[in-house]
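*Asks:* Please find one structure pasted underneath; my questions will follow.
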Amino acid sequence: MSTQEGGPGPLVARLREVVKTYDDEGLRVTAVNGMTFDIPRQRFAMIVGPSGSGKTTLLNLLGCIDTPSSGRIEVCGQDVAALSDNEVSDFRSRYIGFIFQNFNLIPVLSAYENVEYPLLLLGTGAAERRERTESMLESVGLTAQREHRPSQLSGGQKQRVAIARALVKGPELVLADEPTANLDSHTGAAIIELMRRVQHELAATFIFSTHDPQLISHAEETYTIRDGKLIEHRSEAA
Amino acid sequence: MRFAMRSIPVFLLLMTSFSAMAQSSAQDIVAASDKVRNPGQPFRVTSTLQEYVGGQPRDRVVLTVYAREDAATRQFKNLVRYVDPPRDRGKMVLLDGTRMWFYDPASKVSIRISAQQRLMGQASNGDVMTVNLARDYRATLAGEETVTDADRQARECWHLVLAAATEDAVYSKIDYWVERSSNRPVKGKYYSDSGRLLKIAYFRAFREELGTARPTETIIIDAVDPNQVTTLNSSDYRFETIPEAWFQREFLPRLKVE
Amino acid sequence: MSLLLKIASRNILRNGRRSLMTTLAIAVGASAMLLFGEYLAFMILGLQTTMVQRIGHLTVSRQGYFELGSGNPAAYGISDYREVMKLIEDDPVLKPMLNVATPNVTLFGIAGNFDVDASKTFFGSGVVPSDRERMKQWNEYGFERTAPAQAPAMTDAEPNRGVIGVGLARILGLCERLKLGDCPARSAAAAAPPVSRAVKDFTELAKGDLEATRAAPGGGLPRIDLLAATAGGAPNVVSLYVARAEPQGVKELDDSYVVMPLGLAQQLLYGRGEHKAVGIVLQLHRTGDIPAARARLAALFKAHGLDLEVHDFSELQPVYKQIIGMMGAIFSFIAAIMGVIVLFTVVNTMSMSVMERVNEIGTTRALGVRRAGIRRQFVAEGLLLGILGASAGLLAGAAIAYAVNHAGLSWTPPMQARPVPLRLLSSGMQALVIGVWLGLVALATLAALIPANRAARMQVVDALRHV
């Protein structure tokens with residue numbers, strides 16, 4: 001599970017004077033306004049802040065699905081801006097997993113197929129694919145629902161599939177944008193429990209953007225941002 | 001006995017010469033009948049053609065014919081000028097051997113009448129009139145026959161069978177009856193290459209003209225369409241000096257004829 | 001790859017009605033092109049068959065006849081035509097290709113039925129009847145044949161028997177005798193007008209001669225006279241006994257056409273001259289052999305110093321190529337229209353699909369799929385729609401063709417006088433089927449490319465923002 005360059009360092013991400021601006025209906029918006037900080041590996045990290053503070057944009061930058069307008073950002077030791085579009089896609093497929101607020105499962109695929117999807121992208125062999133997918137489904141407790149389509153699953157079940165999908169390939173970094181926002185508190189608690197467990201098992205780094213106090217209470221690293229700037233960084237001991 | 005033996009070769013000689021004489025005299029008869037119809041020198045004659053269809057008189061045309069025998073080819077050239085009906089006055093037809101040209105003074109254009117266009121109508125009769133039979137046909141004597149002429153008179157005739165001798169001969173065969181005593185043509189039957197009878201001609205109304213008794217009326221019956229009969233009356237025969245130029249097609253527009 | 005097709009096919013099924021509409025549009029296009037193509041093939045090959053049956057594949061004639069000779073066929077006769085025919089028939093290259101070689105004569109003149117005072121210029125053909133019957137059997141494309149209702153009108157054994165056009169028969173007053181139907185009522189004989197006494201005598205005189213020369217009546221068939229000038233310029237006439245009147249497709253031809261045995265035509269056209277042929281008609285086994293045969297004939301004529309030239313049936317009947325050209329243009333036009341409809345339909349359908357799945361596109365890209373992968377996904381859907389539609393359309397087309405072919409329909413082709421069974425030509429149409437299928441599939445795939453490109457070019461974050 002080593003990165004392409006630089007080897008396994010202690011940091012999963014480094015930001016240096018990162019700025020991101022974009023045009024919103026003719027208006028120039030600066031979502032990230034010069035952030036400089038590091039994020040250590042294998043931690044349960046949260047990004048918190050009011051709406052419009054740039055949480056989602058920061059998460060997008062960390063997830064390599066967006067590039068900074070200026071500044072430098074390294075994810076898993078890789079300067080993402082230096083990569084071509086295809087290389088970034090490949091990078092994502094290997095190292096980064098996503099969990100979305102709206103689950104974002106592919107509607108025409110079954111739970112099993114959704115979880116399997118990232119492994120197919122990586123070209124994993126059939127036997128290993130089956131093994132990992134089954135094991136992941138079991139980890140999230142959805143073995144019985146493996147043939148169900150997303151439309152046949154509850155919100156909590158869908159999120160569990162999403163988690164399984166995000167983790168099946170053993171990513172370095174998992175990014176989750178408001179993962180519990182669309183779940184009731186009971187289900188949310190179960191999901192949080194699940195994510196803690198697998199994070200531990202796989203020694204992955206989780207970075208959340210969230211309002212959910214339940215989730216925040218589990219944070220090992222907390223980054224408070226406002227108006228596109230890092231206000232506070234609190235680190236809990238393991 | 002010796003007389004008989006000596007007479008055999010004489011007899012044989014007489015026989016062969018007689019048949020040779022018969023051959024050549026058949027041709028002579030035809031030639032003689034040609035002379036009855038056609039004067040030897042250039043002449044002009046007025047021809048009146050009356051067409052009958054199913055017995056009913058139809059078109060009547062009066063023509064002035066200038067005829068001249070070509071010394072080299074022994075073939076007749078005719079320049080025909082329309083006199084009547086008035087709408088056709090001035091139009092001309094030039095017959096040069098087997099070729100026929102029509103000239104209209106209104107357009108000053110002469111056009112060739114093809115053989116196809118001479119299959120029916122008056123143009124088809126030209127072939128009966130102008131020919132010197134002795135030149136184009138080889139005659140053999142078929143015998144002596146009594147034939148009823150156009151006036152329902154019985155005539156003692158030579159029956160001659162004429163076969164086409166040149167490429168220009170229009171008919172492939174002609175049955176020709178010439179009166180023995182006078183060499184006057186009485187009747188002719190004209191056949192096509194396929195053996196079908198095309199025309200029947202009767203010659204009558206013999207009158208002294210230009211030194212010989214000539215047939216001033218010819219009756220031509222179309223054997224293919226028997227409803228069609230044409231009578232041709234010739235009058236006003238005159239010897240005339242006719243310039244050679246008159247029979248040239250290019251000369252037609254400049255021709256000033258009385 | 002299978003993931004690609006799995007997702008593509010499931011998405012097609014997911015929007016059942018829309019996919020059905022799209023597939024239907026493509027299928028209609030496929031069916032239409034297939035059926036029209038089969039109809040055209042039937043028509044064109046049927047026309048070719050009729051032409052080749054009547055005038056063969058190639059005609060050998062004197063140099064210049066094709067351009068100049070129809071006004072004067074006698075001037076363009078082929079001397080020693082039997083030797084030329086033998087040369088052609090014995091040639092080792094031509095012999096296996098050749099089905100029939102037969103001489104012919106074309107001529108024109110005046111046809112007359114003088115009993116009723118009717119005459120008309122005619123255009124005539126002199127043929128060898130037995131050869132013509134053999135030529136009528138030609139059927140390279142396997143069209144079904146209705147057995148002829150009557151025995152052949154002309155045979156080699158009857159040298160004076162022929163066939164004329166229906167229009168000509170009417171003009172010559174043979175309507176009733178040839179049982180043509182719709183014959184004008186015979187008007188009461190007009191009172192004979194007083195005749196000129198002189199003429200009447202002569203016709204009575206001529207009667208004896210005329211009756212003697214009348215050709216022997218031939219089995220009660222009506223007789224007409226054919227007048228023509230021989231090659232030498234002499235007037236000539238033959239009798240033709242009309243076995244029947246047959247309608248010719250074109251009115252001008254129908255009003256003037258006469259077919260007679262070769263010998264009679266030669267007698268009329270050449271008279272006392274050498275009997276030649278105006279053309280030598282060659283019918284091959286296969287139309288595809290025409291170029292090889294032409295080349296060989298040209299070489300043969302050159303080697304023997306013969307001033308002959310060869311023309312094929314499409315040169316002799318330019319309307320054939322004109323019809324093919326016109327039909328080809330119509331087919332292309334229809335294909336273009338169908339293509340445009342398919343294009344629009346697929347672009348529209350795929351655009352809607354893309355619009356509905358923007359969020360999914362974003363997710364997929366976030367998961368690590370490249371832009372090309374997104375493009376491929378949507379193109380695959382277009383491809384599948386194309387395959388489904390084209391296949392369905394071809395099958396439906398085949399079913400419709402079967403139904404039409406068994407419905408007993410008939411039609412009258414151009415230049416023809418009689419209707420023939422209408423068939424959509426299903427055999428030997430592989431090129432059409434494959435062409436239509438491939439064409440539509442390719443078109444659907446290309447059409448999907450437009451929205452697929454749009455999907456591929458999307459920015460991930462924008463796509464994810466979509467609901």
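Scheme for the structure tokens: letters A, B, ... for chains in order shown; per-chain residue numbers from 1; ligand numbers from 1 in order shown.
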Can you tell me which residues surround Pro213 of chain A at a distance of at most 12 Å, considering only C-alpha atoms, apart from same-chain residues fewer than 2 positions away, and format the answer as a PyMOL selection string?
*Replies:* chain A and resi 46+48-49+178+180-181+185+188-189+192+209-211+215-219
*Asks:* Store the residues picked out above in a file with C-alpha atoms, as a PDB file, in the first residue's frame.
*Replies:*
ATOM      1  CA  MET A  46     -12.987  15.919  10.427  1.00  0.00           C
ATOM      2  CA  VAL A  48     -15.856  21.364  10.315  1.00  0.00           C
ATOM      3  CA  GLY A  49     -17.178  24.844   9.666  1.00  0.00           C
ATOM      4  CA  GLU A 178     -21.681  14.558   5.160  1.00  0.00           C
ATOM      5  CA  THR A 180     -24.670  10.753   7.919  1.00  0.00           C
ATOM      6  CA  ALA A 181     -26.670  13.767   6.769  1.00  0.00           C
ATOM      7  CA  SER A 185     -29.522   9.233  14.188  1.00  0.00           C
ATOM      8  CA  GLY A 188     -26.074   7.219  11.586  1.00  0.00           C
ATOM      9  CA  ALA A 189     -24.597   5.874  14.791  1.00  0.00           C
ATOM     10  CA  ILE A 192     -20.153   5.723  12.310  1.00  0.00           C
ATOM     11  CA  SER A 209     -16.686  17.026   6.183  1.00  0.00           C
ATOM     12  CA  THR A 210     -19.600  17.157   8.540  1.00  0.00           C
ATOM     13  CA  HIS A 211     -22.016  19.003  10.823  1.00  0.00           C
ATOM     14  CA  LEU A 215     -19.513  12.095  14.095  1.00  0.00           C
ATOM     15  CA  ILE A 216     -17.479  15.000  15.334  1.00  0.00           C
ATOM     16  CA  SER A 217     -17.301  13.466  18.737  1.00  0.00           C
ATOM     17  CA  HIS A 218     -15.273  10.614  17.227  1.00  0.00           C
ATOM     18  CA  ALA A 219     -12.768  12.916  15.561  1.00  0.00           C
TER      19      ALA A 219
END
*Asks:* Env of segment 33-46 of chain C: 9 Å cut, atoms = only C-alpha atoms, seq-sep filter 4 positions within chain, self excluded. Answer as an MDAnalysis selection string.
*Replies:* chainID C and resid 28:29 50:51 141 143 320 323:324 327:328 331 334:335 338 393:394 397:398 400:401 413 422:426 429 432:433 436
*Asks:* Interatomic distance between atom CA of Arg223 of chain C and atom CA of Pro235 of chain C?
*Replies:* 19.3 Å
*Asks:* Show me, as an MDAnalysis selection string, the residues that have an atom within 10 Å of segment 197-206 of chain B when counting only C-alpha atoms, minus same-chain residues fewer than 4 positions from it.
*Replies:* (chainID B and resid 36:37 124:125 128:129 148:151 171 173:177 184:193 212:226 229:234) or (chainID C and resid 202 206 209:210 212:214 235:237)
*Asks:* Choose the residue, out of A:Ala164, A:Val75, A:Leu11, A:Met136, that has the smallest atom-to-atom separation from Pro40 of chain A; count only C-alpha atoms.
*Replies:*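 That would be A:Leu11, the residue with the smallest distance to Pro40 of chain A.
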*Asks:* Please check the contacts: residues of chain C at most 9 Å away from chain A, using only C-alpha atoms, listed as a VMD selection string.
*Replies:* chain C and resid 3 6 to 7 10 to 11 14 359 to 360 363 to 372 459 to 461 467
*Asks:* Give me the residues within 10 Å of Arg68 of chain B as a list of chain:residue names, counting only C-alpha atoms and dropping any in the same chain fewer than 4 places off.
*Replies:* B:Asn38, B:Pro39, B:Gly40, B:Gln41, B:Pro42, B:Phe43, B:Arg44, B:Arg74, B:Gln75, B:Phe76, B:Lys77, B:Asn78, B:Leu79, B:Glu240, B:Thr241, B:Ile242, B:Pro243, B:Glu244, B:Phe247
*Asks:* Go ahead and save the residues from that selection, with C-alpha atoms, as an mmCIF file, in the first residue's frame.
*Replies:*
data_model
loop_
_atom_site.group_PDB
_atom_site.id
_atom_site.type_symbol
_atom_site.label_atom_id
_atom_site.label_comp_id
_atom_site.auth_asym_id
_atom_site.auth_seq_id
_atom_site.Cartn_x
_atom_site.Cartn_y
_atom_site.Cartn_z
ATOM 1 C CA ASN B 38 -39.579 6.725 -126.335
ATOM 2 C CA PRO B 39 -38.366 8.942 -129.187
ATOM 3 C CA GLY B 40 -34.631 8.680 -129.734
ATOM 4 C CA GLN B 41 -33.909 12.372 -129.400
ATOM 5 C CA PRO B 42 -34.506 14.758 -126.546
ATOM 6 C CA PHE B 43 -38.161 15.685 -126.447
ATOM 7 C CA ARG B 44 -40.819 17.207 -124.305
ATOM 8 C CA ARG B 74 -28.471 4.766 -122.395
ATOM 9 C CA GLN B 75 -30.694 5.646 -119.491
ATOM 10 C CA PHE B 76 -33.393 8.240 -119.480
ATOM 11 C CA LYS B 77 -33.243 11.449 -117.582
ATOM 12 C CA ASN B 78 -36.514 13.256 -117.004
ATOM 13 C CA LEU B 79 -37.169 16.699 -115.752
ATOM 14 C CA GLU B 240 -36.623 19.927 -128.146
ATOM 15 C CA THR B 241 -33.060 20.843 -127.465
ATOM 16 C CA ILE B 242 -32.624 20.356 -123.790
ATOM 17 C CA PRO B 243 -29.397 21.493 -122.173
ATOM 18 C CA GLU B 244 -27.522 18.909 -120.152
ATOM 19 C CA PHE B 247 -30.753 17.498 -115.415
#
*Asks:* In terms of the shortest atom-to-atom distance over only C-alpha atoms, which of B:Val53, B:Leu160, B:Leu252, B:Leu63 is closest to chain C?
*Replies:*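 Smallest separation from chain C among the options: B:Val53.
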*Asks:* Compile the contact shell of Val441 of chain C as a compact mmCIF listing (two decimals) with C-alpha atoms, in the first residue's frame: residues with an atom at most 7 Å away, counting only C-alpha atoms, same-chain residues fewer than 6 positions apart removed.
*Replies:*
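Now in part_34.txt:
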# COMPACT_ATOMS: atom_id res chain seq x y z
CA LEU C 383 -24.28 0.86 -30.29
CA GLY C 386 -28.41 0.42 -33.07
CA ILE C 387 -27.88 -3.31 -33.00
CA ALA C 390 -31.32 -2.75 -36.96
*Asks:* Leaving out Glu140 of chain C and any residue of its chain fewer than 5 positions from it, which residues lie within 12 Å of it when counting only C-alpha atoms, given as a list in words?
*Replies:*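 So the residues in contact are Leu45, Gly46, Gln48, Thr49, Thr50, Val52, Gln53, Asn99, Met135, Gln283, Leu284, His285, Arg286, Thr287, Gly288 and Gly428 of chain C.
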*Asks:* Compare A:Asn114, A:Gln101, A:Ser235, A:Thr143 by their minimum atom-to-atom distance to Leu183 of chain A, counting only C-alpha atoms, and give me the closest one.
*Replies:*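 Of A:Asn114, A:Gln101, A:Ser235, A:Thr143, the one nearest Leu183 of chain A, counting only C-alpha atoms, is A:Gln101.
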*Asks:* Please report, as a PyMOL selection string, each residue of segment 20-233 of chain B to which DSSP assigns helix (DSSP H, G or I) when run on this structure's backbone.
*Replies:* chain B and resi 20-37+86-88+116-118+122-129+133-136
*Asks:* Leu343 of chain C: which residues within 12 Å, counting only C-alpha atoms, same-chain residues fewer than 6 positions away excluded, as a PyMOL selection string?
*Replies:* chain C and resi 22-23+25-26+29+335-337+349-351+382+385-386+439-451
